[in-house]
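> Just run23.txt, nothing more (compact mmCIF, N, CA and C atoms):
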# COMPACT_ATOMS: atom_id res chain seq x y z
N MET A 801 27.30 -67.14 13.96
CA MET A 801 26.14 -66.78 13.18
C MET A 801 25.84 -65.29 13.42
N LYS A 802 25.56 -64.59 12.37
CA LYS A 802 25.22 -63.17 12.46
C LYS A 802 23.71 -62.98 12.47
N ARG A 803 23.26 -61.90 13.09
CA ARG A 803 21.83 -61.62 13.18
C ARG A 803 21.57 -60.17 12.79
N ILE A 804 20.40 -59.97 12.24
CA ILE A 804 19.87 -58.63 11.98
C ILE A 804 18.59 -58.52 12.78
N ILE A 805 18.49 -57.50 13.58
CA ILE A 805 17.29 -57.29 14.40
C ILE A 805 16.63 -56.00 13.93
N ILE A 806 15.34 -56.08 13.64
CA ILE A 806 14.58 -54.91 13.20
C ILE A 806 13.46 -54.67 14.20
N ASP A 807 13.44 -53.52 14.81
CA ASP A 807 12.35 -53.13 15.70
C ASP A 807 11.41 -52.22 14.94
N ILE A 808 10.12 -52.48 15.05
CA ILE A 808 9.12 -51.68 14.34
C ILE A 808 8.15 -51.10 15.35
N ASP A 809 7.99 -49.78 15.31
CA ASP A 809 7.02 -49.07 16.14
C ASP A 809 6.26 -48.13 15.21
N ILE A 810 5.11 -48.55 14.76
CA ILE A 810 4.34 -47.79 13.78
C ILE A 810 3.67 -46.61 14.47
N GLN A 811 3.82 -45.44 13.89
CA GLN A 811 3.35 -44.21 14.50
C GLN A 811 1.99 -43.74 13.98
N ASN A 812 1.54 -44.24 12.83
CA ASN A 812 0.29 -43.73 12.23
C ASN A 812 -0.73 -44.83 12.01
N ILE A 813 -1.07 -45.53 13.06
CA ILE A 813 -1.97 -46.68 13.00
C ILE A 813 -3.32 -46.29 12.37
N LEU A 814 -3.95 -45.24 12.85
CA LEU A 814 -5.28 -44.86 12.35
C LEU A 814 -5.22 -44.42 10.89
N ASP A 815 -4.14 -43.79 10.47
CA ASP A 815 -3.98 -43.41 9.06
C ASP A 815 -3.94 -44.65 8.17
N ILE A 816 -3.28 -45.68 8.65
CA ILE A 816 -3.20 -46.93 7.89
C ILE A 816 -4.58 -47.55 7.75
N ILE A 817 -5.33 -47.56 8.84
CA ILE A 817 -6.68 -48.12 8.79
C ILE A 817 -7.56 -47.32 7.85
N LYS A 818 -7.46 -45.98 7.89
CA LYS A 818 -8.23 -45.14 6.97
C LYS A 818 -7.92 -45.48 5.53
N LYS A 819 -6.66 -45.61 5.23
CA LYS A 819 -6.24 -45.89 3.85
C LYS A 819 -6.71 -47.25 3.39
N ARG A 820 -6.63 -48.25 4.26
CA ARG A 820 -6.96 -49.63 3.87
C ARG A 820 -8.45 -49.94 3.98
N LYS A 821 -9.09 -49.44 5.02
CA LYS A 821 -10.48 -49.84 5.30
C LYS A 821 -11.49 -48.71 5.18
N GLY A 822 -11.03 -47.47 5.13
CA GLY A 822 -11.95 -46.35 5.02
C GLY A 822 -12.08 -45.59 6.33
N ARG A 823 -12.63 -44.40 6.23
CA ARG A 823 -12.74 -43.51 7.40
C ARG A 823 -13.68 -44.06 8.46
N LEU A 824 -14.76 -44.70 8.05
CA LEU A 824 -15.72 -45.22 9.02
C LEU A 824 -15.08 -46.29 9.89
N SER A 825 -14.32 -47.17 9.28
CA SER A 825 -13.63 -48.22 10.05
C SER A 825 -12.62 -47.61 11.01
N ALA A 826 -11.92 -46.57 10.57
CA ALA A 826 -10.95 -45.90 11.44
C ALA A 826 -11.66 -45.24 12.62
N LEU A 827 -12.83 -44.66 12.37
CA LEU A 827 -13.60 -44.03 13.44
C LEU A 827 -14.05 -45.08 14.45
N PHE A 828 -14.58 -46.20 13.97
CA PHE A 828 -14.97 -47.29 14.87
C PHE A 828 -13.78 -47.80 15.66
N ALA A 829 -12.67 -47.99 14.96
CA ALA A 829 -11.46 -48.51 15.62
C ALA A 829 -11.00 -47.56 16.72
N LYS A 830 -11.08 -46.27 16.44
CA LYS A 830 -10.59 -45.29 17.40
C LYS A 830 -11.41 -45.30 18.69
N TYR A 831 -12.72 -45.49 18.59
CA TYR A 831 -13.57 -45.37 19.76
C TYR A 831 -14.05 -46.69 20.35
N LEU A 832 -14.00 -47.77 19.59
CA LEU A 832 -14.57 -49.02 20.08
C LEU A 832 -13.55 -50.11 20.41
N ILE A 833 -12.35 -49.98 19.90
CA ILE A 833 -11.34 -51.01 20.10
C ILE A 833 -10.14 -50.39 20.81
N LYS A 834 -9.57 -51.15 21.74
CA LYS A 834 -8.40 -50.64 22.46
C LYS A 834 -7.25 -50.39 21.49
N GLU A 835 -6.55 -49.29 21.71
CA GLU A 835 -5.44 -48.92 20.82
C GLU A 835 -4.37 -50.01 20.77
N ASP A 836 -4.09 -50.66 21.88
CA ASP A 836 -3.08 -51.72 21.90
C ASP A 836 -3.47 -52.88 20.99
N THR A 837 -4.75 -53.20 20.96
CA THR A 837 -5.23 -54.29 20.10
C THR A 837 -5.06 -53.93 18.63
N ILE A 838 -5.41 -52.70 18.29
CA ILE A 838 -5.26 -52.23 16.91
C ILE A 838 -3.78 -52.22 16.54
N ARG A 839 -2.94 -51.68 17.41
CA ARG A 839 -1.51 -51.60 17.16
C ARG A 839 -0.91 -52.98 16.92
N GLU A 840 -1.26 -53.95 17.74
CA GLU A 840 -0.73 -55.31 17.59
C GLU A 840 -1.10 -55.89 16.23
N GLU A 841 -2.33 -55.72 15.82
CA GLU A 841 -2.79 -56.27 14.54
C GLU A 841 -2.08 -55.61 13.36
N VAL A 842 -2.01 -54.29 13.38
CA VAL A 842 -1.34 -53.58 12.28
C VAL A 842 0.14 -53.94 12.23
N GLU A 843 0.80 -53.94 13.38
CA GLU A 843 2.22 -54.29 13.40
C GLU A 843 2.45 -55.73 12.94
N ARG A 844 1.56 -56.65 13.33
CA ARG A 844 1.70 -58.04 12.89
C ARG A 844 1.62 -58.14 11.38
N ARG A 845 0.66 -57.43 10.79
CA ARG A 845 0.50 -57.48 9.34
C ARG A 845 1.68 -56.85 8.61
N VAL A 846 2.18 -55.74 9.13
CA VAL A 846 3.35 -55.10 8.53
C VAL A 846 4.56 -56.01 8.61
N VAL A 847 4.79 -56.61 9.77
CA VAL A 847 5.92 -57.51 9.95
C VAL A 847 5.79 -58.72 9.03
N ASP A 848 4.57 -59.26 8.87
CA ASP A 848 4.37 -60.38 7.94
C ASP A 848 4.80 -60.00 6.52
N GLU A 849 4.40 -58.81 6.08
CA GLU A 849 4.77 -58.37 4.73
C GLU A 849 6.27 -58.16 4.59
N ILE A 850 6.89 -57.58 5.59
CA ILE A 850 8.34 -57.39 5.56
C ILE A 850 9.04 -58.74 5.51
N GLN A 851 8.58 -59.68 6.32
CA GLN A 851 9.20 -61.01 6.35
C GLN A 851 9.09 -61.69 4.99
N LYS A 852 7.92 -61.63 4.36
CA LYS A 852 7.75 -62.24 3.04
C LYS A 852 8.71 -61.64 2.03
N GLY A 853 8.82 -60.30 2.03
CA GLY A 853 9.70 -59.62 1.10
C GLY A 853 11.16 -59.97 1.31
N VAL A 854 11.59 -59.99 2.56
CA VAL A 854 12.98 -60.32 2.86
C VAL A 854 13.30 -61.76 2.46
N GLU A 855 12.42 -62.69 2.80
CA GLU A 855 12.65 -64.09 2.45
C GLU A 855 12.79 -64.27 0.95
N MET A 856 11.87 -63.69 0.20
CA MET A 856 11.88 -63.85 -1.25
C MET A 856 13.13 -63.22 -1.87
N ASN A 857 13.40 -61.98 -1.52
CA ASN A 857 14.53 -61.27 -2.11
C ASN A 857 15.87 -61.84 -1.67
N LEU A 858 15.96 -62.25 -0.43
CA LEU A 858 17.22 -62.81 0.08
C LEU A 858 17.55 -64.11 -0.62
N LYS A 859 16.56 -64.98 -0.79
CA LYS A 859 16.80 -66.24 -1.49
C LYS A 859 17.27 -66.01 -2.92
N ILE A 860 16.64 -65.08 -3.60
CA ILE A 860 17.02 -64.77 -4.99
C ILE A 860 18.44 -64.24 -5.05
N ARG A 861 18.76 -63.27 -4.19
CA ARG A 861 20.10 -62.65 -4.23
C ARG A 861 21.19 -63.63 -3.83
N LEU A 862 20.95 -64.46 -2.83
CA LEU A 862 21.95 -65.45 -2.45
C LEU A 862 22.20 -66.42 -3.59
N HIS A 863 21.13 -66.87 -4.24
CA HIS A 863 21.27 -67.79 -5.36
C HIS A 863 22.06 -67.14 -6.50
N GLN A 864 21.75 -65.88 -6.79
CA GLN A 864 22.46 -65.16 -7.86
C GLN A 864 23.95 -65.04 -7.58
N GLU A 865 24.30 -64.92 -6.33
CA GLU A 865 25.71 -64.77 -5.94
C GLU A 865 26.39 -66.12 -5.73
N GLY A 866 25.64 -67.22 -5.88
CA GLY A 866 26.21 -68.54 -5.69
C GLY A 866 26.48 -68.89 -4.24
N ILE A 867 25.75 -68.26 -3.35
CA ILE A 867 25.94 -68.47 -1.90
C ILE A 867 24.95 -69.51 -1.41
N LYS A 868 25.47 -70.53 -0.75
CA LYS A 868 24.62 -71.53 -0.11
C LYS A 868 24.62 -71.24 1.37
N ALA A 869 23.44 -70.97 1.91
CA ALA A 869 23.34 -70.61 3.33
C ALA A 869 22.00 -71.05 3.87
N ARG A 870 21.99 -71.38 5.14
CA ARG A 870 20.73 -71.62 5.84
C ARG A 870 20.30 -70.28 6.43
N VAL A 871 19.11 -69.88 6.11
CA VAL A 871 18.58 -68.61 6.61
C VAL A 871 17.29 -68.90 7.35
N ASN A 872 17.22 -68.46 8.59
CA ASN A 872 16.02 -68.65 9.40
C ASN A 872 15.46 -67.27 9.73
N ILE A 873 14.32 -66.96 9.17
CA ILE A 873 13.67 -65.68 9.46
C ILE A 873 12.44 -65.99 10.28
N ARG A 874 12.38 -65.41 11.48
CA ARG A 874 11.25 -65.68 12.36
C ARG A 874 10.85 -64.40 13.09
N GLN A 875 9.66 -64.42 13.59
CA GLN A 875 9.15 -63.28 14.34
C GLN A 875 9.17 -63.62 15.82
N GLU A 876 9.57 -62.65 16.61
CA GLU A 876 9.55 -62.81 18.06
C GLU A 876 8.96 -61.55 18.66
N ASN A 877 8.19 -61.74 19.69
CA ASN A 877 7.69 -60.60 20.44
C ASN A 877 8.72 -60.24 21.49
N PRO A 878 8.95 -58.94 21.70
CA PRO A 878 9.90 -58.57 22.74
C PRO A 878 9.39 -58.99 24.11
N PRO A 879 10.30 -59.32 25.02
CA PRO A 879 9.85 -59.70 26.37
C PRO A 879 9.15 -58.52 27.04
N THR A 880 8.13 -58.83 27.81
CA THR A 880 7.41 -57.78 28.53
C THR A 880 8.14 -57.48 29.82
N SER A 881 8.04 -56.27 30.23
CA SER A 881 8.71 -55.83 31.45
C SER A 881 7.88 -56.23 32.66
N HIS A 882 8.54 -56.72 33.68
CA HIS A 882 7.86 -57.11 34.92
C HIS A 882 8.27 -56.19 36.06
N ILE A 883 8.62 -54.98 35.74
CA ILE A 883 9.04 -54.02 36.77
C ILE A 883 7.85 -53.70 37.66
N GLY A 884 8.06 -53.78 38.93
CA GLY A 884 7.02 -53.45 39.88
C GLY A 884 6.12 -54.61 40.23
N GLN A 885 6.31 -55.76 39.59
CA GLN A 885 5.51 -56.93 39.91
C GLN A 885 6.30 -57.83 40.85
N THR A 886 5.59 -58.45 41.77
CA THR A 886 6.25 -59.37 42.69
C THR A 886 5.80 -60.77 42.38
N SER A 887 6.70 -61.74 42.51
CA SER A 887 6.32 -63.13 42.29
C SER A 887 5.91 -63.76 43.61
N GLN A 888 5.01 -64.72 43.54
CA GLN A 888 4.50 -65.36 44.75
C GLN A 888 4.98 -66.77 44.84
Show the structure stored in the file as structure tokens.

Amino acid sequence: MKRIIIDIDIQNILDIIKKRKGRLSALFAKYLIKEDTIREEVERRVVDEIQKGVEMNLKIRLHQEGIKARVNIRQENPPTSHIGQTSQ
């Protein structure tokens, strides 16, 4: 089985919030919410949209080419690093 792995690291989180929710929301997000929390939410939404697009387009293209295949598209979070932590 072959796999395609896509890593996404969004660089302009606050710009995205400004565009979608307005400047006031971006200002609140910048000062009141942890950046990691904002990043996780934006990345989750972007990945959801990418997944929907890939699923829809892939099914159409495979059908057009007469290809029968099982395709499993899922989201996984990368493992967190435990460097410097000791287990008890």
> Can you pull out every residue within 12 Å of Asn872 (chain A), counting only C-alpha atoms, but drop anything in the same chain fewer than 2 positions away, and send it as a VMD selection string?
chain A and resid 801 to 804 851 854 to 855 858 to 859 869 to 870 874 to 875
> What is the CA of Gln811 (chain A)-atom C of Val847 (chain A) distance in Å, reported with one decimal?
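Atom C of Val847 (chain A) lies 15.7 Å from CA of Gln811 (chain A).
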> What does the distance between atom C of Asp807 (chain A) and atom N of Gly822 (chain A) come to in Å, to one decimal place?
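Atom-to-atom, atom C of Asp807 (chain A) to atom N of Gly822 (chain A), that is 24.9 Å.
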> Mind pulling up the distance from CA of Glu835 (chain A) to atom N of Asn877 (chain A)?
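The value is 18.7 Å.
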> With only C-alpha atoms as the basis for distance, which of A:Ile810, A:Ile873, A:Ile805, A:Lys818 is at the shortest distance from Glu841 (chain A)?
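Using only C-alpha atoms, the shortest distance to Glu841 (chain A) belongs to A:Ile810.
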> Return the single residue from A:Leu814, A:Ile867, A:Ile806, A:Leu862 that is closest to Ile838 (chain A), with distances computed using only N, CA and C atoms.
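Checking each of A:Leu814, A:Ile867, A:Ile806, A:Leu862 against Ile838 (chain A), counting only N, CA and C atoms, the winner is A:Leu814.
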> Here is a test: counting only C-alpha atoms, which residue of A:Lys834, A:Glu849, A:Glu843, A:Gln864 is nearest to Ile813 (chain A)?
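For Ile813 (chain A), the nearest of the candidates is A:Glu843.
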